[in-house]
file upload-v2.pdb (PDB, C-alpha atoms)
ATOM      1  CA  MET A   1     -19.883 -32.578  21.403
ATOM      2  CA  ARG A   2     -21.285 -29.624  19.462
ATOM      3  CA  ASP A   3     -18.713 -27.181  18.143
ATOM      4  CA  ASN A   4     -19.865 -23.652  19.037
ATOM      5  CA  THR A   5     -16.682 -21.958  17.850
ATOM      6  CA  LYS A   6     -18.313 -20.321  14.839
ATOM      7  CA  LYS A   7     -21.271 -19.021  16.876
ATOM      8  CA  THR A   8     -18.944 -17.638  19.544
ATOM      9  CA  ARG A   9     -16.806 -15.916  16.924
ATOM     10  CA  THR A  10     -19.868 -14.373  15.255
ATOM     11  CA  ARG A  11     -21.132 -12.997  18.575
ATOM     12  CA  HIS A  12     -17.682 -11.504  19.206
ATOM     13  CA  LEU A  13     -17.675  -9.879  15.778
ATOM     14  CA  ARG A  14     -21.060  -8.324  16.473
ATOM     15  CA  ARG A  15     -19.785  -6.837  19.730
ATOM     16  CA  VAL A  16     -16.691  -5.404  18.031
ATOM     17  CA  PHE A  17     -18.072  -4.273  14.670
ATOM     18  CA  GLY A  18     -21.872  -4.170  15.146
ATOM     19  CA  PRO A  19     -24.351  -6.374  13.248
ATOM     20  CA  ALA A  20     -23.704  -4.925   9.778
ATOM     21  CA  GLY A  21     -19.956  -5.047  10.121
ATOM     22  CA  ALA A  22     -20.083  -8.590  11.512
ATOM     23  CA  ALA A  23     -22.147  -9.823   8.572
ATOM     24  CA  LEU A  24     -19.640  -8.342   6.137
ATOM     25  CA  LEU A  25     -16.691  -9.798   7.984
ATOM     26  CA  VAL A  26     -18.199 -13.279   7.992
ATOM     27  CA  ALA A  27     -19.111 -13.008   4.295
ATOM     28  CA  THR A  28     -15.546 -12.138   3.364
ATOM     29  CA  SER A  29     -13.794 -14.289   5.966
ATOM     30  CA  ALA A  30     -10.742 -14.925   3.811
ATOM     31  CA  ILE A  31      -9.916 -11.240   4.158
ATOM     32  CA  LEU A  32     -11.592 -10.208   7.365
ATOM     33  CA  ALA A  33     -10.870 -13.076   9.726
ATOM     34  CA  TYR A  34     -10.846 -12.069  13.375
ATOM     35  CA  PRO A  35      -8.776 -12.315  15.473
ATOM     36  CA  ALA A  36      -5.680 -11.570  13.440
ATOM     37  CA  THR A  37      -4.847 -13.615  10.375
ATOM     38  CA  ALA A  38      -1.766 -15.779  10.146
ATOM     39  CA  ALA A  39       0.133 -12.862   8.624
ATOM     40  CA  ALA A  40      -0.171 -10.894  11.856
ATOM     41  CA  GLN A  41       0.818 -13.922  13.933
ATOM     42  CA  LYS A  42       4.214 -14.226  12.276
ATOM     43  CA  PRO A  43       6.959 -13.504  14.799
ATOM     44  CA  THR A  44       8.856 -10.265  14.393
ATOM     45  CA  GLU A  45      12.646 -10.052  14.682
ATOM     46  CA  ALA A  46      12.155  -9.756  18.436
ATOM     47  CA  GLY A  47      10.246 -13.050  18.416
ATOM     48  CA  LYS A  48       6.872 -11.534  19.304
ATOM     49  CA  ALA A  49       3.672 -11.099  17.306
ATOM     50  CA  CYS A  50       3.059  -7.529  16.169
ATOM     51  CA  ALA A  51      -0.120  -6.364  17.903
ATOM     52  CA  VAL A  52      -0.236  -3.163  15.856
ATOM     53  CA  ALA A  53      -0.655  -5.219  12.680
ATOM     54  CA  HIS A  54      -4.153  -6.301  13.691
ATOM     55  CA  ALA A  55      -5.276  -2.954  15.139
ATOM     56  CA  THR A  56      -7.797  -0.529  13.658
ATOM     57  CA  SER A  57      -8.588   3.065  14.503
ATOM     58  CA  GLY A  58     -11.654   1.883  16.401
ATOM     59  CA  GLU A  59     -13.759   4.773  15.176
ATOM     60  CA  MET A  60     -17.439   4.309  15.907
ATOM     61  CA  GLY A  61     -20.517   5.237  13.891
ATOM     62  CA  GLN A  62     -19.145   4.549  10.410
ATOM     63  CA  PRO A  63     -21.370   2.740   7.875
ATOM     64  CA  THR A  64     -18.547   0.472   6.707
ATOM     65  CA  ALA A  65     -16.278  -1.766   8.753
ATOM     66  CA  GLU A  66     -12.544  -1.241   9.148
ATOM     67  CA  ILE A  67      -9.868  -3.796   8.473
ATOM     68  CA  SER A  68      -6.415  -3.992  10.021
ATOM     69  CA  THR A  69      -3.016  -4.082   8.344
ATOM     70  CA  ASP A  70      -2.756  -7.868   8.411
ATOM     71  CA  GLN A  71      -6.268  -8.063   6.950
ATOM     72  CA  MET A  72      -5.156  -5.709   4.190
ATOM     73  CA  GLU A  73      -2.346  -8.147   3.448
ATOM     74  CA  ALA A  74      -4.964 -10.893   3.200
ATOM     75  CA  ALA A  75      -7.056  -8.724   0.878
ATOM     76  CA  LEU A  76      -4.100  -8.207  -1.437
ATOM     77  CA  ALA A  77      -3.660 -11.988  -1.597
ATOM     78  CA  GLN A  78      -7.248 -12.182  -2.897
ATOM     79  CA  ILE A  79      -6.806  -9.766  -5.826
ATOM     80  CA  GLN A  80      -6.851 -12.619  -8.338
ATOM     81  CA  GLU A  81     -10.110 -13.855  -6.785
ATOM     82  CA  GLY A  82     -11.825 -10.549  -7.471
ATOM     83  CA  VAL A  83     -11.086  -8.322  -4.478
ATOM     84  CA  LEU A  84     -10.678  -4.712  -5.601
ATOM     85  CA  VAL A  85      -8.352  -2.475  -3.567
ATOM     86  CA  ILE A  86      -8.782   1.231  -4.306
ATOM     87  CA  ASP A  87      -6.470   4.079  -3.344
ATOM     88  CA  ALA A  88      -8.979   6.885  -2.758
ATOM     89  CA  ARG A  89      -6.465   9.737  -3.161
ATOM     90  CA  PRO A  90      -5.602  11.986  -6.122
ATOM     91  CA  TYR A  91      -3.447  10.403  -8.835
ATOM     92  CA  GLN A  92      -0.376  12.461  -7.906
ATOM     93  CA  GLU A  93      -0.358  10.983  -4.402
ATOM     94  CA  PHE A  94      -1.123   7.497  -5.698
ATOM     95  CA  ALA A  95       1.722   7.713  -8.207
ATOM     96  CA  MET A  96       4.217   8.777  -5.563
ATOM     97  CA  SER A  97       3.417   5.940  -3.155
ATOM     98  CA  HIS A  98       0.617   3.402  -3.110
ATOM     99  CA  ILE A  99      -0.044  -0.028  -1.690
ATOM    100  CA  PRO A 100       1.052  -2.540  -4.337
ATOM    101  CA  ALA A 101      -1.793  -3.941  -6.488
ATOM    102  CA  SER A 102      -4.160  -1.110  -5.550
ATOM    103  CA  VAL A 103      -5.794   0.959  -8.275
ATOM    104  CA  ASN A 104      -6.697   4.615  -8.643
ATOM    105  CA  VAL A 105      -9.589   6.256 -10.486
ATOM    106  CA  ALA A 106     -10.486   9.752 -11.637
ATOM    107  CA  PRO A 107     -12.079  12.197  -9.174
ATOM    108  CA  LYS A 108     -15.736  12.974  -8.806
ATOM    109  CA  PRO A 109     -16.197  16.205 -10.792
ATOM    110  CA  GLY A 110     -17.156  19.541  -9.289
ATOM    111  CA  LEU A 111     -15.612  19.138  -5.831
ATOM    112  CA  PRO A 112     -12.947  21.318  -4.177
ATOM    113  CA  MET A 113      -9.673  19.561  -3.340
ATOM    114  CA  SER A 114     -10.566  19.575   0.375
ATOM    115  CA  GLN A 115     -13.528  17.321  -0.456
ATOM    116  CA  PHE A 116     -11.760  15.122  -3.013
ATOM    117  CA  THR A 117     -13.742  11.947  -3.674
ATOM    118  CA  SER A 118     -13.101   9.240  -6.248
ATOM    119  CA  ASP A 119     -15.747   8.868  -8.942
ATOM    120  CA  VAL A 120     -18.086   5.910  -8.363
ATOM    121  CA  GLY A 121     -18.850   5.913 -12.076
ATOM    122  CA  GLU A 122     -15.225   4.996 -12.784
ATOM    123  CA  ILE A 123     -15.357   2.239 -10.191
ATOM    124  CA  GLU A 124     -18.481   0.806 -11.796
ATOM    125  CA  LYS A 125     -16.457   0.356 -14.974
ATOM    126  CA  LEU A 126     -13.909  -1.709 -13.022
ATOM    127  CA  THR A 127     -16.544  -3.829 -11.316
ATOM    128  CA  GLN A 128     -18.719  -4.076 -14.437
ATOM    129  CA  GLY A 129     -21.619  -3.097 -12.218
ATOM    130  CA  LYS A 130     -21.267  -6.124  -9.910
ATOM    131  CA  LYS A 131     -22.523  -4.617  -6.650
ATOM    132  CA  GLY A 132     -21.531  -7.604  -4.528
ATOM    133  CA  ARG A 133     -17.831  -7.388  -5.306
ATOM    134  CA  THR A 134     -15.589  -6.923  -2.269
ATOM    135  CA  ILE A 135     -14.028  -3.452  -2.342
ATOM    136  CA  VAL A 136     -11.313  -2.288   0.045
ATOM    137  CA  LEU A 137     -10.616   1.445   0.335
ATOM    138  CA  TYR A 138      -7.696   3.324   1.863
ATOM    139  CA  CYS A 139      -6.292   6.848   1.879
ATOM    140  CA  ASN A 140      -4.006   9.001   4.069
ATOM    141  CA  GLY A 141      -4.654   7.455   7.449
ATOM    142  CA  PRO A 142      -6.878   7.910  10.508
ATOM    143  CA  PHE A 143      -7.651  11.596   9.956
ATOM    144  CA  CYS A 144      -8.281  11.402   6.209
ATOM    145  CA  GLY A 145     -11.880  11.462   4.995
ATOM    146  CA  LYS A 146     -11.398  10.379   1.382
ATOM    147  CA  SER A 147     -12.115   6.672   1.872
ATOM    148  CA  LYS A 148     -15.100   7.491   4.133
ATOM    149  CA  ARG A 149     -16.661   9.738   1.499
ATOM    150  CA  LEU A 150     -16.086   7.170  -1.212
ATOM    151  CA  ALA A 151     -17.497   4.399   0.985
ATOM    152  CA  ALA A 152     -20.676   6.426   1.514
ATOM    153  CA  ASP A 153     -21.043   6.979  -2.236
ATOM    154  CA  LEU A 154     -20.516   3.283  -2.978
ATOM    155  CA  LEU A 155     -23.119   2.235  -0.421
ATOM    156  CA  ALA A 156     -25.571   4.776  -1.826
ATOM    157  CA  THR A 157     -25.013   3.274  -5.273
ATOM    158  CA  GLY A 158     -25.862  -0.206  -4.012
ATOM    159  CA  TYR A 159     -22.477  -1.823  -3.292
ATOM    160  CA  THR A 160     -22.776  -4.238  -0.380
ATOM    161  CA  HIS A 161     -19.239  -5.421   0.442
ATOM    162  CA  VAL A 162     -17.225  -2.266   1.127
ATOM    163  CA  VAL A 163     -14.593  -2.005   3.883
ATOM    164  CA  ARG A 164     -11.945   0.565   4.747
ATOM    165  CA  TYR A 165      -8.301   0.219   5.726
ATOM    166  CA  GLN A 166      -8.601   3.496   7.607
ATOM    167  CA  LEU A 167      -5.063   3.406   9.033
ATOM    168  CA  GLY A 168      -4.007   3.835   5.433
ATOM    169  CA  ILE A 169      -0.694   4.340   3.723
ATOM    170  CA  PRO A 170       1.078   5.932   6.763
ATOM    171  CA  VAL A 171       0.599   2.867   8.978
ATOM    172  CA  TRP A 172       1.194   0.496   6.060
ATOM    173  CA  ARG A 173       4.644   2.035   5.663
ATOM    174  CA  ALA A 174       5.283   2.375   9.397
ATOM    175  CA  LEU A 175       4.838  -1.388   9.787
ATOM    176  CA  GLY A 176       7.631  -2.147   7.347
ATOM    177  CA  HIS A 177       5.786  -2.392   4.044
ATOM    178  CA  PRO A 178       7.224  -0.591   1.023
ATOM    179  CA  ALA A 179       4.966   1.363  -1.277
ATOM    180  CA  GLN A 180       4.946   1.247  -5.065
ATOM    181  CA  ALA A 181       5.743   4.341  -7.150
ATOM    182  CA  GLU A 182       5.027   5.130 -10.782
ATOM    183  CA  GLY A 183       7.795   6.172 -13.157
ATOM    184  CA  ASP A 184       6.526   9.702 -13.793
ATOM    185  CA  ALA A 185       6.293  10.381 -10.055
ATOM    186  CA  ILE A 186       9.806   9.073  -9.428
ATOM    187  CA  TRP A 187      11.336  11.406 -12.015
ATOM    188  CA  ALA A 188       9.287  14.345 -10.732
ATOM    189  CA  ALA A 189      10.465  13.669  -7.182
ATOM    190  CA  LEU A 190      14.108  13.324  -8.205
ATOM    191  CA  ASP A 191      13.857  16.636 -10.027
ATOM    192  CA  LYS A 192      12.476  18.449  -6.965
ATOM    193  CA  ASP A 193      13.935  16.547  -4.006
ATOM    194  CA  LYS A 194      17.705  16.538  -4.190
ATOM    195  CA  THR A 195      17.949  14.544  -0.951
ATOM    196  CA  ALA A 196      16.103  11.565  -2.491
ATOM    197  CA  VAL A 197      18.112   8.360  -2.860
ATOM    198  CA  VAL A 198      17.825   5.788  -5.660
ATOM    199  CA  ILE A 199      18.818   2.237  -4.755
ATOM    200  CA  ASP A 200      19.687  -0.185  -7.554
ATOM    201  CA  ALA A 201      19.148  -3.743  -6.270
ATOM    202  CA  THR A 202      20.699  -5.549  -9.249
ATOM    203  CA  ASP A 203      23.937  -7.507  -9.082
ATOM    204  CA  PRO A 204      27.184  -5.490  -9.355
ATOM    205  CA  ALA A 205      27.825  -6.461 -12.985
ATOM    206  CA  ALA A 206      24.389  -5.277 -14.092
ATOM    207  CA  PHE A 207      24.812  -2.114 -12.028
ATOM    208  CA  GLN A 208      28.102  -1.339 -13.745
ATOM    209  CA  ALA A 209      26.523  -1.967 -17.152
ATOM    210  CA  GLY A 210      23.980   0.801 -16.654
ATOM    211  CA  THR A 211      21.687   2.267 -14.045
ATOM    212  CA  ILE A 212      19.719   5.349 -12.984
ATOM    213  CA  PRO A 213      21.924   8.474 -12.698
ATOM    214  CA  GLY A 214      23.210   8.787  -9.135
ATOM    215  CA  ALA A 215      21.914   5.375  -8.026
ATOM    216  CA  ARG A 216      23.628   3.395  -5.262
ATOM    217  CA  ASN A 217      24.020  -0.361  -5.596
ATOM    218  CA  VAL A 218      22.509  -2.228  -2.611
ATOM    219  CA  ARG A 219      21.505  -5.851  -2.954
ATOM    220  CA  PHE A 220      18.786  -7.385  -0.770
ATOM    221  CA  ASP A 221      21.364  -9.110   1.427
ATOM    222  CA  GLU A 222      23.546  -5.999   1.748
ATOM    223  CA  VAL A 223      21.062  -3.724   3.515
ATOM    224  CA  ALA A 224      22.589  -4.106   6.975
ATOM    225  CA  LYS A 225      26.070  -3.375   5.588
ATOM    226  CA  ALA A 226      24.762  -0.396   3.610
ATOM    227  CA  LYS A 227      23.604   1.208   6.852
ATOM    228  CA  ASP A 228      27.238   1.507   7.935
ATOM    229  CA  ASP A 229      29.054   2.275   4.699
ATOM    230  CA  GLY A 230      27.056   5.344   3.660
ATOM    231  CA  ARG A 231      24.848   3.879   0.952
ATOM    232  CA  LEU A 232      21.721   4.318   3.093
ATOM    233  CA  PRO A 233      20.844   7.703   4.689
ATOM    234  CA  MET A 234      21.274   6.883   8.375
ATOM    235  CA  LEU A 235      21.017  10.491   9.599
ATOM    236  CA  ASP A 236      17.484  10.915   8.252
ATOM    237  CA  HIS A 237      15.321   7.802   8.123
ATOM    238  CA  ASN A 238      12.545   9.835   6.503
ATOM    239  CA  THR A 239      14.672  10.382   3.386
ATOM    240  CA  ARG A 240      12.761   9.467   0.247
ATOM    241  CA  ILE A 241      14.161   6.181  -1.089
ATOM    242  CA  PHE A 242      13.275   4.700  -4.478
ATOM    243  CA  VAL A 243      14.322   1.122  -5.217
ATOM    244  CA  VAL A 244      14.737  -0.288  -8.718
ATOM    245  CA  GLY A 245      15.880  -3.678  -9.965
ATOM    246  CA  LYS A 246      15.877  -5.971 -12.967
ATOM    247  CA  ASP A 247      12.168  -6.536 -12.312
ATOM    248  CA  ALA A 248       9.411  -5.864  -9.767
ATOM    249  CA  PRO A 249      10.142  -8.835  -7.447
ATOM    250  CA  GLU A 250      13.812  -7.907  -7.098
ATOM    251  CA  ALA A 251      13.020  -4.242  -6.408
ATOM    252  CA  ARG A 252      10.233  -5.067  -3.989
ATOM    253  CA  ALA A 253      12.329  -7.539  -1.995
ATOM    254  CA  ALA A 254      15.108  -4.999  -1.500
ATOM    255  CA  ALA A 255      12.602  -2.237  -0.705
ATOM    256  CA  GLN A 256      10.924  -4.392   1.923
ATOM    257  CA  GLU A 257      14.250  -5.192   3.555
ATOM    258  CA  ILE A 258      15.144  -1.493   3.654
ATOM    259  CA  ALA A 259      11.714  -0.606   5.081
ATOM    260  CA  ARG A 260      12.126  -3.209   7.801
ATOM    261  CA  ASN A 261      15.368  -1.565   8.800
ATOM    262  CA  ALA A 262      13.383   1.458  10.032
ATOM    263  CA  PHE A 263      13.349   3.525   6.820
ATOM    264  CA  HIS A 264       9.711   4.569   6.459
ATOM    265  CA  ASN A 265       9.700   6.445   3.147
ATOM    266  CA  VAL A 266      10.613   3.595   0.794
ATOM    267  CA  SER A 267       8.984   2.951  -2.590
ATOM    268  CA  PHE A 268       9.853   0.561  -5.389
ATOM    269  CA  PHE A 269       9.331   0.707  -9.141
ATOM    270  CA  ALA A 270       7.424  -2.296 -10.517
ATOM    271  CA  GLY A 271       9.372  -2.617 -13.735
ATOM    272  CA  SER A 272      12.910  -2.896 -15.027
ATOM    273  CA  ILE A 273      15.541  -0.174 -14.891
ATOM    274  CA  GLU A 274      15.145   0.136 -18.657
ATOM    275  CA  ASP A 275      11.420   0.736 -18.176
ATOM    276  CA  LEU A 276      12.101   3.515 -15.683
ATOM    277  CA  LEU A 277      14.649   5.141 -17.969
ATOM    278  CA  LYS A 278      12.079   5.114 -20.788
ATOM    279  CA  ALA A 279       9.616   6.882 -18.476
ATOM    280  CA  ARG A 280      12.024   9.776 -18.003
ATOM    281  CA  PRO A 281      10.594  13.023 -19.436
ATOM    282  CA  PRO A 282      12.513  14.233 -22.522
ATOM    283  CA  SER A 283      13.370  17.492 -20.760
ATOM    284  CA  GLU A 284      15.334  15.523 -18.140
ATOM    285  CA  VAL A 285      17.340  13.412 -20.577
ATOM    286  CA  PRO A 286      20.832  14.872 -21.164
ATOM    287  CA  ALA A 287      21.309  16.073 -24.733
ATOM    288  CA  SER A 288      23.733  13.977 -26.770
ATOM    289  CA  LYS A 289      27.041  15.614 -27.634
TER
END
call {"tool": "encode", "arguments": {"input": "upload-v2.pdb", "output": "structure tokens"}}
result
Amino acid sequence: MRDNTKKTRTRHLRRVFGPAGAALLVATSAILAYPATAAAQKPTEAGKACAVAHATSGEMGQPTAEISTDQMEAALAQIQEGVLVIDARPYQEFAMSHIPASVNVAPKPGLPMSQFTSDVGEIEKLTQGKKGRTIVLYCNGPFCGKSKRLAADLLATGYTHVVRYQLGIPVWRALGHPAQAEGDAIWAALDKDKTAVVIDATDPAAFQAGTIPGARNVRFDEVAKAKDDGRLPMLDHNTRIFVVGKDAPEARAAAQEIARNAFHNVSFFAGSIEDLLKARPPSEVPASK
């Protein structure tokens, strides 16, 4: 019997994304598989698949296809194979919270902030001019135009495999994914936002040996307990939370667990506590006595 599964799937893709979008999705099937990838099929705590994870904004008439949150997860798994994920926002926003493994480039010169667009020339340096490289763009969600403007510029320059995660960083975080923050942004936020909370995910002995000023010690497996004993800000789940650890995996694991306990403003630092302390501006370091 002839297997028509692939033909049926391709026809479905054309109906959903149009001919151009379908061709791109098939060409980059490891990232853009439809229906949802295995990541989206994982059961949630309630034992059900998360339908939102494989949703898109559904906006019509765009020259580049959209990918869903689970497809973004698949894209991130392909970074080592050459997929390039670009945060299309200004550096200050990128530094405060970005999807892990994404990169940021300088802005296109001569534009007002309302029309901010990343510079294709900088992206060409990253791709070494390889126009067929798969590029995934994201910005500030469904109503943000930054990734759309950048996508148009990339297509005009000859890039052929460009897609957008149009739901962007807001939905990424809403679905329980932590963001990554840079050291300079963390210190700037702590200086301005006195409600921000720093979570140190190291073991108690390491925490006692030295940590970030004002940090609270919460291990990965203590998150549920920390919701009841005051270490996590239960009265405002939008409180800015920065998570640090002995290294990036430890910080990220704790940050993810906190995010999946309904805290939607969680970022982790991808370095050691010592690295973050070294990134502290001299003006914020207490003078020695």
call {"tool": "closest_residue", "arguments": {"input": "upload-v2.pdb", "among": "A:Gln166, A:Thr134, A:Thr127, A:Thr157", "to": "A:Ile67", "atoms": "all atoms listed in the file"}}
result
A:Gln166
call {"tool": "atom_distance", "arguments": {"input": "upload-v2.pdb", "atom1": "atom CA of A:Phe242", "atom2": "atom CA of A:Ser267"}}
result
5.0 Å
call {"tool": "residues_around", "arguments": {"input": "upload-v2.pdb", "residues": "A:Cys139", "least_positions_apart": "5", "cutoff": "10 Å", "atoms": "all atoms listed in the file", "output": "ChimeraX atom specification"}}
result
/A:86-90,93-94,98-99,144-148,164-170
call {"tool": "write_last_selection", "arguments": {"input": "upload-v2.pdb", "atoms": "C-alpha atoms", "output": "CSV table (one decimal), in the coordinates of the input"}}
result
chain,number,residue,atom,x,y,z
A,86,ILE,CA,-8.8,1.2,-4.3
A,87,ASP,CA,-6.5,4.1,-3.3
A,88,ALA,CA,-9.0,6.9,-2.8
A,89,ARG,CA,-6.5,9.7,-3.2
A,90,PRO,CA,-5.6,12.0,-6.1
A,93,GLU,CA,-0.4,11.0,-4.4
A,94,PHE,CA,-1.1,7.5,-5.7
A,98,HIS,CA,0.6,3.4,-3.1
A,99,ILE,CA,0.0,0.0,-1.7
A,144,CYS,CA,-8.3,11.4,6.2
A,145,GLY,CA,-11.9,11.5,5.0
A,146,LYS,CA,-11.4,10.4,1.4
A,147,SER,CA,-12.1,6.7,1.9
A,148,LYS,CA,-15.1,7.5,4.1
A,164,ARG,CA,-11.9,0.6,4.7
A,165,TYR,CA,-8.3,0.2,5.7
A,166,GLN,CA,-8.6,3.5,7.6
A,167,LEU,CA,-5.1,3.4,9.0
A,168,GLY,CA,-4.0,3.8,5.4
A,169,ILE,CA,-0.7,4.3,3.7
A,170,PRO,CA,1.1,5.9,6.8
call {"tool": "resolve_selection", "arguments": {"input": "upload-v2.pdb", "expression": "the PyMOL selection byres ((chain A and resi 253) around 10)", "output": "list in words"}}
result
Pro178, Ala201, Arg219, Phe220, Asp221, Val243, Gly245, Ala248, Pro249, Glu250, Ala251, Arg252, Ala254, Ala255, Gln256, Glu257, Ile258, Ala259 and Phe268 of chain A
call {"tool": "atom_distance", "arguments": {"input": "upload-v2.pdb", "atom1": "atom CA of A:Ile186", "atom2": "atom CA of A:Ser118"}}
result
23.1 Å
call {"tool": "residues_near_point", "arguments": {"input": "upload-v2.pdb", "point": "(-20.9, 7.7, 1.6)", "cutoff": "12 Å", "atoms": "all atoms listed in the file", "output": "NGL selection string"}}
result
:A and (62-64 or 117-120 or 145-159 or 162-164)
call {"tool": "atom_distance", "arguments": {"input": "upload-v2.pdb", "atom1": "atom CA of A:Thr160", "atom2": "atom CA of A:Ala179"}}
result
28.3 Å
call {"tool": "residues_around", "arguments": {"input": "upload-v2.pdb", "residues": "stretch 223-235 of chain A", "least_positions_apart": "6", "cutoff": "9 Å", "atoms": "all atoms listed in the file", "output": "VMD selection string"}}
result
chain A and resid 197 199 216 to 217 241 254 257 to 258 261 263
call {"tool": "resolve_selection", "arguments": {"input": "upload-v2.pdb", "expression": "the PyMOL selection byres ((chain A and resi 265) around 6)", "output": "list in words"}}
result
Asn238, Arg240, Phe263, His264 and Val266 of chain A
call {"tool": "residues_around", "arguments": {"input": "upload-v2.pdb", "residues": "A:Tyr91", "least_positions_apart": "4", "cutoff": "9 Å", "atoms": "all atoms listed in the file", "output": "ChimeraX atom specification"}}
result
/A:87,95-96,104-107
call {"tool": "closest_residue", "arguments": {"input": "upload-v2.pdb", "among": "A:Ala174, A:Ile123, A:Val52, A:Leu137", "to": "A:Ser102", "atoms": "all atoms listed in the file"}}
result
A:Leu137
call {"tool": "resolve_selection", "arguments": {"input": "upload-v2.pdb", "expression": "the PyMOL selection byres ((chain A and resi 281) around 10)", "output": "ChimeraX atom specification"}}
result
/A:183-184,187-188,277-280,282-285
